[in-house]
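Asker: Hey, dropping run-v1.json in here, JSON, C-alpha atoms and all ligand atoms:
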[["chain", "number", "residue", "atom", "x", "y", "z"],
["A", 1, "MET", "CA", 0.00, 0.00, 0.00],
["A", 2, "SER", "CA", 1.47, 3.41, -0.98],
["A", 3, "ASN", "CA", 1.52, 6.39, 1.38],
["A", 4, "GLN", "CA", -1.27, 8.08, -0.56],
["A", 5, "GLU", "CA", -3.54, 5.03, -0.32],
["A", 6, "ASP", "CA", -2.73, 4.86, 3.35],
["A", 7, "THR", "CA", -3.75, 8.46, 3.69],
["A", 8, "PHE", "CA", -7.10, 7.85, 2.03],
["A", 9, "LYS", "CA", -7.87, 4.82, 4.14],
["A", 10, "ARG", "CA", -6.83, 6.66, 7.30],
["A", 11, "ASN", "CA", -8.01, 10.20, 6.67],
["A", 12, "PHE", "CA", -10.66, 10.44, 3.99],
["A", 13, "ASN", "CA", -13.79, 11.69, 5.69],
["A", 14, "ALA", "CA", -16.86, 11.28, 3.52],
["A", 15, "ARG", "CA", -19.06, 13.69, 5.49],
["A", 16, "GLU", "CA", -16.47, 16.46, 5.45],
["A", 17, "TYR", "CA", -15.97, 15.97, 1.73],
["A", 18, "LEU", "CA", -19.73, 16.26, 1.21],
["A", 19, "HIS", "CA", -20.02, 19.35, 3.39],
["A", 20, "PHE", "CA", -17.12, 20.98, 1.56],
["A", 21, "TYR", "CA", -18.16, 20.36, -2.06],
["A", 22, "TRP", "CA", -21.89, 19.56, -1.77],
["A", 23, "PRO", "CA", -23.25, 21.80, 1.01],
["A", 24, "GLU", "CA", -26.77, 20.69, 1.85],
["A", 25, "GLU", "CA", -28.22, 24.18, 1.58],
["A", 26, "LYS", "CA", -26.96, 25.29, -1.86],
["A", 27, "LEU", "CA", -25.58, 24.37, -5.26],
["A", 28, "ASP", "CA", -22.58, 26.07, -6.78],
["A", 29, "VAL", "CA", -22.16, 26.82, -10.47],
["A", 30, "GLU", "CA", -19.81, 23.89, -11.05],
["A", 31, "ASP", "CA", -22.38, 21.48, -9.55],
["A", 32, "MET", "CA", -24.99, 22.86, -11.92],
["A", 33, "PHE", "CA", -22.61, 22.65, -14.86],
["A", 34, "ILE", "CA", -21.90, 18.96, -14.18],
["A", 35, "MET", "CA", -25.50, 17.97, -13.47],
["A", 36, "THR", "CA", -26.70, 19.80, -16.58],
["A", 37, "PHE", "CA", -24.05, 18.12, -18.71],
["A", 38, "LEU", "CA", -25.03, 14.70, -17.33],
["A", 39, "HIS", "CA", -28.70, 15.42, -17.86],
["A", 40, "LYS", "CA", -28.11, 16.40, -21.50],
["A", 41, "THR", "CA", -25.90, 13.36, -22.06],
["A", 42, "CYS", "CA", -28.48, 10.95, -20.62],
["A", 43, "SER", "CA", -31.21, 12.55, -22.64],
["A", 44, "HIS", "CA", -29.14, 12.31, -25.82],
["A", 45, "TYR", "CA", -28.33, 8.63, -25.17],
["A", 46, "ARG", "CA", -31.72, 7.71, -23.72],
["A", 47, "ASN", "CA", -32.31, 4.82, -26.14],
["A", 48, "PHE", "CA", -28.85, 3.43, -25.55],
["A", 49, "LEU", "CA", -29.25, 3.66, -21.75],
["A", 50, "LYS", "CA", -32.53, 1.78, -21.58],
["A", 51, "GLY", "CA", -32.14, -1.64, -20.02],
["A", 52, "LYS", "CA", -28.40, -1.19, -19.46],
["A", 53, "SER", "CA", -26.14, -1.24, -16.39],
["A", 54, "TRP", "CA", -24.30, 1.83, -15.16],
["A", 55, "LEU", "CA", -21.15, 1.52, -13.07],
["A", 56, "GLU", "CA", -20.17, 4.51, -10.97],
["A", 57, "LEU", "CA", -16.47, 3.88, -10.48],
["A", 58, "SER", "CA", -15.09, 5.25, -7.22],
["A", 59, "GLY", "CA", -18.17, 7.35, -6.70],
["A", 60, "GLY", "CA", -17.08, 8.18, -3.15],
["A", 61, "PRO", "CA", -20.02, 9.34, -1.01],
["A", 62, "VAL", "CA", -21.56, 11.21, -3.93],
["A", 63, "MET", "CA", -24.77, 10.36, -5.76],
["A", 64, "ASP", "CA", -25.50, 13.33, -7.99],
["A", 65, "LYS", "CA", -23.82, 11.81, -11.06],
["A", 66, "TYR", "CA", -26.51, 9.27, -11.88],
["A", 67, "ILE", "CA", -29.78, 10.87, -10.79],
["A", 68, "SER", "CA", -30.61, 11.73, -14.40],
["A", 69, "ALA", "CA", -29.49, 8.29, -15.60],
["A", 70, "SER", "CA", -31.83, 6.58, -13.12],
["A", 71, "LYS", "CA", -34.69, 7.58, -15.40],
["A", 72, "TYR", "CA", -33.44, 5.25, -18.13],
["A", 73, "VAL", "CA", -30.97, 2.60, -17.00],
["A", 74, "LYS", "CA", -31.85, -0.81, -15.68],
["A", 75, "GLU", "CA", -29.51, -0.66, -12.68],
["A", 76, "ILE", "CA", -26.74, 1.32, -11.12],
["A", 77, "TYR", "CA", -23.72, -0.10, -9.35],
["A", 78, "HIS", "CA", -22.04, 2.36, -7.01],
["A", 79, "SER", "CA", -18.46, 1.52, -6.12],
["A", 80, "ALA", "CA", -16.22, 3.29, -3.62],
["A", 81, "TYR", "CA", -12.82, 2.89, -2.03],
["A", 82, "THR", "CA", -13.13, 3.97, 1.59],
["A", 83, "SER", "CA", -15.44, 2.55, 4.19],
["A", 84, "SER", "CA", -16.75, 6.01, 5.07],
["A", 85, "SER", "CA", -17.92, 6.51, 1.47],
["A", 86, "ILE", "CA", -19.40, 3.02, 1.25],
["A", 87, "HIS", "CA", -21.28, 3.70, 4.48],
["A", 88, "GLU", "CA", -22.78, 6.99, 3.18],
["A", 89, "ILE", "CA", -24.21, 5.46, 0.01],
["A", 90, "GLN", "CA", -25.31, 2.25, 1.72],
["A", 91, "ASN", "CA", -27.23, 4.41, 4.18],
["A", 92, "PHE", "CA", -29.13, 5.98, 1.31],
["A", 93, "ILE", "CA", -29.83, 2.64, -0.36],
["A", 94, "ASP", "CA", -31.11, 1.18, 2.91],
["A", 95, "ASN", "CA", -33.08, 4.37, 3.60],
["A", 96, "ASN", "CA", -31.65, 4.61, 7.11],
["A", 97, "ASN", "CA", -31.72, 7.55, 9.47],
["A", 98, "GLY", "CA", -28.95, 10.09, 9.24],
["A", 99, "GLN", "CA", -28.74, 10.22, 5.44],
["A", 100, "TYR", "CA", -27.01, 13.15, 3.83],
["A", 101, "ASN", "CA", -29.49, 15.67, 2.47],
["A", 102, "TRP", "CA", -29.38, 15.66, -1.34],
["A", 103, "SER", "CA", -32.71, 17.46, -1.80],
["A", 104, "LYS", "CA", -31.23, 20.51, -3.58],
["A", 105, "ARG", "CA", -29.65, 18.23, -6.20],
["A", 106, "PHE", "CA", -32.80, 16.16, -6.66],
["A", 107, "GLU", "CA", -34.83, 19.37, -7.01],
["A", 108, "PHE", "CA", -32.41, 20.72, -9.60],
["A", 109, "ILE", "CA", -32.68, 17.59, -11.71],
["A", 110, "LEU", "CA", -36.43, 17.44, -11.28],
["A", 111, "LYS", "CA", -36.54, 20.97, -12.71],
["A", 112, "LEU", "CA", -34.42, 19.90, -15.68],
["A", 113, "GLU", "CA", -36.74, 16.97, -16.30],
["A", 114, "GLU", "CA", -39.83, 19.11, -15.99],
["A", 115, "GLU", "CA", -38.38, 21.68, -18.36],
["A", 116, "GLU", "CA", -37.85, 18.91, -20.82],
["A", 117, "GLU", "CA", -41.50, 17.95, -20.38],
["A", 118, "GLU", "CA", -40.58, 14.35, -19.92],
["A", 119, "MET", "CA", -41.69, 13.71, -16.38],
["A", 120, "ASN", "CA", -42.72, 10.21, -17.31],
["A", 121, "LEU", "CA", -42.02, 8.21, -14.20],
["A", 122, "GLU", "CA", -42.53, 4.47, -14.25],
["A", 123, "GLN", "CA", -46.02, 4.05, -12.72],
["A", 124, "SER", "CA", -45.32, 0.44, -12.03],
["A", 125, "SER", "CA", -42.64, 1.24, -9.49],
["A", 126, "LEU", "CA", -44.52, 3.98, -7.64],
["A", 127, "ASP", "CA", -47.84, 3.77, -5.84],
["A", 128, "ASP", "CA", -50.47, 6.55, -5.76],
["A", 129, "THR", "CA", -49.45, 7.77, -2.32],
["A", 130, "ASN", "CA", -46.06, 8.70, -3.67],
["A", 131, "LEU", "CA", -47.41, 10.46, -6.70],
["A", 132, "ASN", "CA", -49.83, 12.48, -4.58],
["A", 133, "SER", "CA", -47.13, 13.86, -2.30],
["A", 134, "GLY", "CA", -47.11, 17.66, -1.98],
["A", 135, "ASN", "CA", -45.31, 19.80, -4.52],
["A", 136, "ASN", "CA", -42.39, 20.58, -2.24],
["A", 137, "GLU", "CA", -41.86, 16.86, -1.75],
["A", 138, "LYS", "CA", -41.98, 16.10, -5.45],
["A", 139, "TYR", "CA", -38.25, 15.56, -5.64],
["A", 140, "LYS", "CA", -38.75, 12.51, -3.40],
["A", 141, "ILE", "CA", -40.14, 10.69, -6.40],
["A", 142, "LEU", "CA", -36.72, 10.97, -7.98],
["A", 143, "GLU", "CA", -35.12, 9.83, -4.74],
["A", 144, "MET", "CA", -37.28, 6.70, -4.77],
["A", 145, "ARG", "CA", -36.61, 6.10, -8.43],
["A", 146, "LEU", "CA", -32.89, 6.25, -7.74],
["A", 147, "ARG", "CA", -33.11, 3.99, -4.70],
["A", 148, "GLU", "CA", -34.88, 1.38, -6.78],
["A", 149, "LYS", "CA", -32.23, 1.42, -9.48],
["A", 150, "LEU", "CA", -29.24, 1.20, -7.16],
["A", 151, "ASN", "CA", -27.81, -2.24, -6.58],
["A", 152, "LYS", "CA", -28.52, -3.36, -3.00],
["A", 153, "ASN", "CA", -24.88, -3.24, -2.03],
["A", 154, "VAL", "CA", -22.20, -0.65, -2.61],
["A", 155, "LEU", "CA", -19.20, -2.38, -4.17],
["A", 156, "PHE", "CA", -15.59, -1.94, -3.17],
["A", 157, "CYS", "CA", -13.19, -0.76, -5.89],
["A", 158, "ASP", "CA", -9.50, 0.00, -6.07],
["A", 159, "VAL", "CA", -8.60, 1.81, -9.29],
["A", 160, "LYS", "CA", -4.93, 1.01, -8.61],
["A", 161, "ASN", "CA", -5.72, -2.67, -8.94],
["A", 162, "ASP", "CA", -4.95, -3.47, -12.56],
["A", 163, "ASN", "CA", -7.27, -6.46, -12.56],
["A", 164, "LYS", "CA", -10.48, -4.58, -13.40],
["A", 165, "CYS", "CA", -10.10, -2.34, -10.35],
["A", 166, "GLY", "CA", -10.86, -5.25, -8.04],
["A", 167, "ILE", "CA", -14.60, -4.94, -8.72],
["A", 168, "ASN", "CA", -16.62, -7.97, -7.76],
["A", 169, "TYR", "CA", -20.29, -7.65, -8.67],
["A", 170, "ASN", "CA", -21.00, -10.78, -6.79],
["A", 171, "ASN", "CA", -19.93, -9.59, -3.39],
["A", 172, "THR", "CA", -22.75, -10.92, -1.29],
["A", 173, "GLU", "CA", -24.18, -14.38, -0.85],
["A", 174, "GLU", "CA", -27.71, -13.06, -1.20],
["A", 175, "GLU", "CA", -27.10, -11.69, -4.69],
["A", 176, "LYS", "CA", -25.39, -14.69, -6.17],
["A", 177, "ASP", "CA", -28.49, -15.89, -7.92],
["A", 178, "THR", "CA", -30.16, -12.61, -8.73],
["A", 179, "ILE", "CA", -27.75, -10.83, -11.03],
["A", 180, "ASP", "CA", -29.30, -11.98, -14.25],
["A", 181, "LEU", "CA", -27.18, -9.95, -16.59],
["A", 182, "LEU", "CA", -24.11, -11.95, -15.68],
["A", 183, "LYS", "CA", -23.14, -15.38, -16.78],
["A", 184, "LYS", "CA", -22.94, -17.29, -13.54],
["A", 185, "GLU", "CA", -19.43, -18.53, -14.13],
["A", 186, "ASP", "CA", -18.12, -15.12, -15.04],
["A", 187, "LYS", "CA", -19.63, -12.68, -12.59],
["A", 188, "LYS", "CA", -16.33, -11.23, -11.57],
["A", 189, "ASN", "CA", -15.48, -10.31, -15.12],
["A", 190, "LEU", "CA", -18.57, -8.38, -16.03],
["A", 191, "LEU", "CA", -18.04, -5.50, -18.40],
["A", 192, "VAL", "CA", -20.56, -2.69, -18.23],
["A", 193, "ASP", "CA", -22.27, -0.70, -20.97],
["A", 194, "ILE", "CA", -21.90, 2.58, -19.17],
["A", 195, "LEU", "CA", -18.85, 3.58, -17.17],
["A", 196, "SER", "CA", -19.11, 6.78, -15.16],
["A", 197, "ILE", "CA", -16.04, 8.18, -13.48],
["A", 198, "HIS", "CA", -15.65, 11.60, -11.93],
["A", 199, "SER", "CA", -12.66, 13.29, -10.32],
["A", 200, "VAL", "CA", -10.90, 10.02, -9.66],
["A", 201, "VAL", "CA", -7.88, 9.14, -11.80],
["A", 202, "GLU", "CA", -6.28, 12.58, -11.61],
["A", 203, "CYS", "CA", -7.20, 12.93, -7.93],
["A", 204, "ILE", "CA", -5.44, 9.78, -6.76],
["A", 205, "SER", "CA", -2.25, 10.14, -8.79],
["A", 206, "LYS", "CA", 0.68, 12.49, -8.80],
["A", 207, "THR", "CA", 1.80, 12.50, -12.41],
["A", 208, "PRO", "CA", 0.05, 12.40, -15.79],
["A", 209, "GLU", "CA", 1.70, 9.01, -16.46],
["A", 210, "GLU", "CA", 0.19, 7.53, -13.32],
["A", 211, "CYS", "CA", -3.15, 9.16, -14.08],
["A", 212, "PHE", "CA", -3.32, 7.57, -17.56],
["A", 213, "LYS", "CA", -2.27, 4.21, -16.17],
["A", 214, "LEU", "CA", -5.23, 4.39, -13.78],
["A", 215, "LEU", "CA", -7.54, 5.45, -16.57],
["A", 216, "THR", "CA", -6.43, 2.36, -18.49],
["A", 217, "ASN", "CA", -7.32, 0.24, -15.44],
["A", 218, "ALA", "CA", -10.75, 1.84, -15.34],
["A", 219, "LEU", "CA", -11.43, 1.37, -19.04],
["A", 220, "GLN", "CA", -10.95, -2.40, -18.71],
["A", 221, "LEU", "CA", -14.43, -2.38, -17.18],
["A", 222, "LEU", "CA", -16.19, -1.00, -20.26],
["A", 223, "LYS", "CA", -17.69, -3.15, -23.01],
["A", 224, "LYS", "CA", -16.81, -2.54, -26.64],
["A", 225, "GLY", "CA", -19.46, -0.19, -27.99],
["A", 226, "GLY", "CA", -20.00, 1.16, -24.45],
["A", 227, "LEU", "CA", -20.45, 4.71, -23.25],
["A", 228, "LEU", "CA", -17.90, 6.52, -21.09],
["A", 229, "ILE", "CA", -19.05, 9.51, -19.05],
["A", 230, "MET", "CA", -16.37, 11.36, -17.20],
["A", 231, "THR", "CA", -15.50, 14.61, -15.51],
["A", 232, "ILE", "CA", -11.91, 15.38, -14.81],
["A", 233, "ASN", "CA", -10.20, 18.27, -13.07],
["A", 234, "ILE", "CA", -7.92, 20.01, -15.50],
["A", 235, "GLU", "CA", -4.72, 21.94, -14.76],
["A", 236, "THR", "CA", -4.98, 21.60, -11.03],
["A", 237, "ASN", "CA", -2.52, 20.30, -8.44],
["A", 238, "HIS", "CA", -4.77, 19.52, -5.51],
["A", 239, "TRP", "CA", -8.29, 19.00, -4.21],
["A", 240, "ASN", "CA", -9.85, 19.22, -0.77],
["A", 241, "ASN", "CA", -11.28, 16.66, 1.59],
["A", 242, "SER", "CA", -12.18, 19.56, 3.92],
["A", 243, "ASN", "CA", -10.99, 23.07, 4.74],
["A", 244, "THR", "CA", -7.92, 21.63, 6.37],
["A", 245, "LEU", "CA", -7.13, 18.44, 4.43],
["A", 246, "LEU", "CA", -5.75, 18.67, 0.89],
["A", 247, "TYR", "CA", -4.79, 15.87, -1.49],
["A", 248, "GLN", "CA", -2.38, 16.15, -4.37],
["A", 249, "ALA", "CA", -3.69, 15.75, -7.95],
["A", 250, "ALA", "CA", -1.95, 15.08, -11.26],
["A", 251, "ASN", "CA", -1.90, 18.16, -13.47],
["A", 252, "ILE", "CA", -3.62, 17.13, -16.72],
["A", 253, "LYS", "CA", -4.47, 19.11, -19.82],
["A", 254, "THR", "CA", -7.63, 18.80, -21.92],
["A", 255, "LYS", "CA", -5.73, 17.88, -25.07],
["A", 256, "GLU", "CA", -3.90, 15.04, -23.28],
["A", 257, "ILE", "CA", -7.22, 13.47, -22.27],
["A", 258, "LEU", "CA", -8.86, 13.89, -25.65],
["A", 259, "ASP", "CA", -5.82, 12.50, -27.49],
["A", 260, "TYR", "CA", -5.63, 9.54, -25.11],
["A", 261, "LEU", "CA", -9.32, 8.67, -25.57],
["A", 262, "SER", "CA", -9.13, 8.93, -29.38],
["A", 263, "ALA", "CA", -6.03, 6.73, -29.45],
["A", 264, "TYR", "CA", -7.77, 4.19, -27.16],
["A", 265, "GLY", "CA", -10.62, 3.85, -29.66],
["A", 266, "PHE", "CA", -13.26, 6.29, -28.46],
["A", 267, "TYR", "CA", -15.33, 8.30, -30.93],
["A", 268, "ASP", "CA", -18.18, 10.79, -30.81],
["A", 269, "ILE", "CA", -16.33, 12.64, -28.07],
["A", 270, "LYS", "CA", -18.54, 15.47, -26.80],
["A", 271, "TYR", "CA", -17.14, 17.77, -24.17],
["A", 272, "GLU", "CA", -17.66, 21.01, -22.31],
["A", 273, "ILE", "CA", -15.29, 22.88, -20.03],
["A", 274, "PHE", "CA", -16.21, 24.77, -16.88],
["A", 275, "THR", "CA", -13.78, 27.48, -15.78],
["A", 276, "ARG", "CA", -14.08, 29.10, -12.38],
["A", 277, "ASP", "CA", -14.11, 32.89, -12.38],
["A", 278, "ASP", "CA", -12.86, 35.16, -9.63],
["A", 279, "ASN", "CA", -16.30, 35.60, -8.05],
["A", 280, "ASP", "CA", -17.05, 31.89, -7.77],
["A", 281, "GLU", "CA", -16.88, 30.02, -4.48],
["A", 282, "ILE", "CA", -13.66, 28.13, -3.72],
["A", 283, "THR", "CA", -15.68, 24.92, -3.76],
["A", 284, "ASN", "CA", -15.71, 25.14, -7.55],
["A", 285, "MET", "CA", -12.64, 23.50, -9.04],
["A", 286, "GLU", "CA", -10.60, 25.80, -11.27],
["A", 287, "LYS", "CA", -11.32, 23.94, -14.50],
["A", 288, "THR", "CA", -13.49, 20.90, -15.10],
["A", 289, "LEU", "CA", -13.71, 18.93, -18.31],
["A", 290, "ALA", "CA", -16.98, 17.02, -18.72],
["A", 291, "LEU", "CA", -17.15, 14.52, -21.55],
["A", 292, "SER", "CA", -18.98, 11.59, -23.06],
["A", 293, "CYS", "CA", -17.77, 9.22, -25.79],
["A", 294, "ARG", "CA", -18.41, 5.79, -27.27],
["A", 295, "LEU", "CA", -15.90, 2.96, -27.50],
["A", 296, "LYS", "CA", -15.60, 1.40, -30.96],
["A", 297, "GLU", "CA", -17.05, -2.07, -31.37],
["A", 298, "GLU", "CA", -13.78, -3.35, -32.80],
["A", 299, "PRO", "CA", -10.29, -1.97, -32.22],
["A", 301, "LIG", "C1", -12.04, 13.59, -5.56],
["A", 301, "LIG", "S1", -12.80, 12.17, -4.90],
["A", 301, "LIG", "C2", -14.04, 11.83, -6.14],
["A", 301, "LIG", "C3", -15.19, 11.06, -5.60],
["A", 301, "LIG", "C4", -16.42, 11.03, -6.51],
["A", 301, "LIG", "N1", -16.18, 10.30, -7.73],
["A", 301, "LIG", "C5", -16.92, 12.42, -6.81],
["A", 301, "LIG", "O1", -17.32, 12.70, -7.94],
["A", 301, "LIG", "O2", -16.96, 13.23, -5.91],
["A", 301, "LIG", "C6", -11.61, 10.91, -5.14],
["A", 301, "LIG", "C7", -12.03, 9.61, -4.52],
["A", 301, "LIG", "O3", -11.07, 8.61, -4.81],
["A", 301, "LIG", "C8", -11.03, 7.71, -3.70],
["A", 301, "LIG", "N2", -9.83, 6.87, -3.79],
["A", 301, "LIG", "C9", -8.64, 6.99, -3.17],
["A", 301, "LIG", "N3", -7.82, 5.97, -3.53],
["A", 301, "LIG", "C10", -8.50, 5.21, -4.39],
["A", 301, "LIG", "C11", -8.22, 3.99, -5.10],
["A", 301, "LIG", "N4", -7.03, 3.38, -4.99],
["A", 301, "LIG", "N5", -9.17, 3.47, -5.90],
["A", 301, "LIG", "C12", -10.39, 4.08, -6.04],
["A", 301, "LIG", "N6", -10.70, 5.24, -5.40],
["A", 301, "LIG", "C13", -9.79, 5.78, -4.58],
["A", 301, "LIG", "C14", -11.09, 8.66, -2.53],
["A", 301, "LIG", "O4", -11.45, 7.99, -1.36],
["A", 301, "LIG", "C15", -12.15, 9.66, -3.02],
["A", 301, "LIG", "O5", -13.44, 9.23, -2.67]]
Transcribe the structure of this file into structure tokens.
Ligand SMILES: C[S@@+](CC[C@H](N)C(=O)[O-])C[C@H]1O[C@@H](n2cnc3c(N)ncnc32)[C@H](O)[C@@H]1O
Answerer:
Amino acid sequence: MSNQEDTFKRNFNAREYLHFYWPEEKLDVEDMFIMTFLHKTCSHYRNFLKGKSWLELSGGPVMDKYISASKYVKEIYHSAYTSSSIHEIQNFIDNNNGQYNWSKRFEFILKLEEEEEEMNLEQSSLDDTNLNSGNNEKYKILEMRLREKLNKNVLFCDVKNDNKCGINYNNTEEEKDTIDLLKKEDKKNLLVDILSIHSVVECISKTPEECFKLLTNALQLLKKGGLLIMTINIETNHWNNSNTLLYQAANIKTKEILDYLSAYGFYDIKYEIFTRDDNDEITNMEKTLALSCRLKEEP
């Protein structure tokens, strides 16, 4: 185990990370940029997403990246590295007390969906009581939709593990017989149709070389023809766990990422860049590249 991994296992505090970047009471402009990009991407790929599995790779304690996708996909696997992150998301899945309050994010996405005039929730999964909830509780419908799509267990991942990031979809006894999309003999080696990865590879490495090695590890999990959805912090050297705890990041440029993905076999690369201006809160990263792209069927 390297020093950095040690540091994450010892020091990463999921709640402090959430309070720092996702304060319960407000959204910042970078949050809105990312959620809007994801919403547009899911809407654009809606037919592709239907009936497919989404893997959130090293999603930490954060669940805003797949709220839009939960409208279309068949299921969502959330994976995380530290036990404090696993605990946060598991708490949401199990609908326990003490959950983090994501209502502002759900409300924001609800508004995007309403604006798109496609509030077409699956009646079969919601009873009338839920649909009749008051207007200010309307976002809870999205919360329930998401809870239903999330796999019952948060999975452990280690992006530094070059054997498919150590992901094991079959990590509980109870689920052994229920994961129908997997061939029984090959559950460990499942490849997904949609790989979603945000602020991970650059945030857990120190150099661009290491960052691209980790991205290669991550891409092993994606099927040929699959969809990659990613946000990556550009031209930055650090990120925060809290006001007092900083982690080093690899300093990556947009062109390096785009060139790498093209060379790997991705096409239809669509991207947008968010740049923080002087008036923005410090919780916005300086520059964020959001992108989606498809992996060729054949190399
Ligand atoms: C900047 S956070 C991003 C989390 C989340 N994807 C998001 O969008 O907020 C980086 C995450 O990487 C996790 N991490 C640290 N070492 C890791 C490893 N070896 N494999 C996977 N994740 C790791 C940290 O615990 C942290 O949750």
Asker: Using all atoms listed in the file, find each protein or nucleic acid residue lying at most 6 Å from ligand LIG 301 (chain A); present the set as a PyMOL selection string.
Answerer: chain A and resi 5+8+12+58-60+62+81-82+157-160+198-200+203-204
Asker: Produce a file of the selected residues containing C-alpha atoms, as a compact mmCIF listing (two decimals), keeping the file's coordinate frame.
Answerer:
# COMPACT_ATOMS: atom_id res chain seq x y z
CA GLU A 5 -3.54 5.03 -0.32
CA PHE A 8 -7.10 7.85 2.03
CA PHE A 12 -10.66 10.44 3.99
CA SER A 58 -15.09 5.25 -7.22
CA GLY A 59 -18.17 7.35 -6.70
CA GLY A 60 -17.08 8.18 -3.15
CA VAL A 62 -21.56 11.21 -3.93
CA TYR A 81 -12.82 2.89 -2.03
CA THR A 82 -13.13 3.97 1.59
CA CYS A 157 -13.19 -0.76 -5.89
CA ASP A 158 -9.50 0.00 -6.07
CA VAL A 159 -8.60 1.81 -9.29
CA LYS A 160 -4.93 1.01 -8.61
CA HIS A 198 -15.65 11.60 -11.93
CA SER A 199 -12.66 13.29 -10.32
CA VAL A 200 -10.90 10.02 -9.66
CA CYS A 203 -7.20 12.93 -7.93
CA ILE A 204 -5.44 9.78 -6.76
Asker: What residues have an atom no more than 9 Å from (-27.8, -1.4, -11.9) in the file's own frame, counting all atoms listed in the file, and can you write them as an NGL selection string?
Answerer: :A and (52-55 or 73-78 or 149-151)
Asker: Would you be able to write out as a ChimeraX atom specification which residues have an atom within 8 Å of (-15.7, 10.9, -27.9) in the file's coordinates, counting all atoms listed in the file?
Answerer: /A:258,261-262,266-271,291-295
Asker: What is the atom CA of A:Val201-atom CA of A:Ser85 distance in Å, reported with one decimal?
Answerer: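 Separation between atom CA of A:Val201 and atom CA of A:Ser85: 16.8 Å.
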Asker: I need the residue nearest A:Arg15 from this list: A:Thr216, A:Thr275, A:Ser83, A:Asn161. Use all atoms listed in the file for the distance.
Answerer: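 Closest residue, counting all atoms listed in the file: A:Ser83.
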Asker: List the spatial neighbours of A:Asp162 as a list in words - criterion: any atom at most 12 Å away, all atoms listed in the file, same-chain residues fewer than 5 positions off excluded.
Answerer: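 Selected residues are Cys157, Ile167, Lys213, Leu214, Leu215, Thr216, Asn217, Ala218, Leu219, Gln220 and Leu221 of chain A.
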Asker: May I have the residues within 9 Å of A:Trp239 as a CSV table (one decimal) with C-alpha atoms, in the frame of the given file, using all atoms listed in the file and disregarding those fewer than 3 positions away in the same chain?
Answerer:
chain,number,residue,atom,x,y,z
A,203,CYS,CA,-7.2,12.9,-7.9
A,236,THR,CA,-5.0,21.6,-11.0
A,245,LEU,CA,-7.1,18.4,4.4
A,246,LEU,CA,-5.8,18.7,0.9
A,247,TYR,CA,-4.8,15.9,-1.5
A,248,GLN,CA,-2.4,16.2,-4.4
A,249,ALA,CA,-3.7,15.8,-8.0
A,285,MET,CA,-12.6,23.5,-9.0
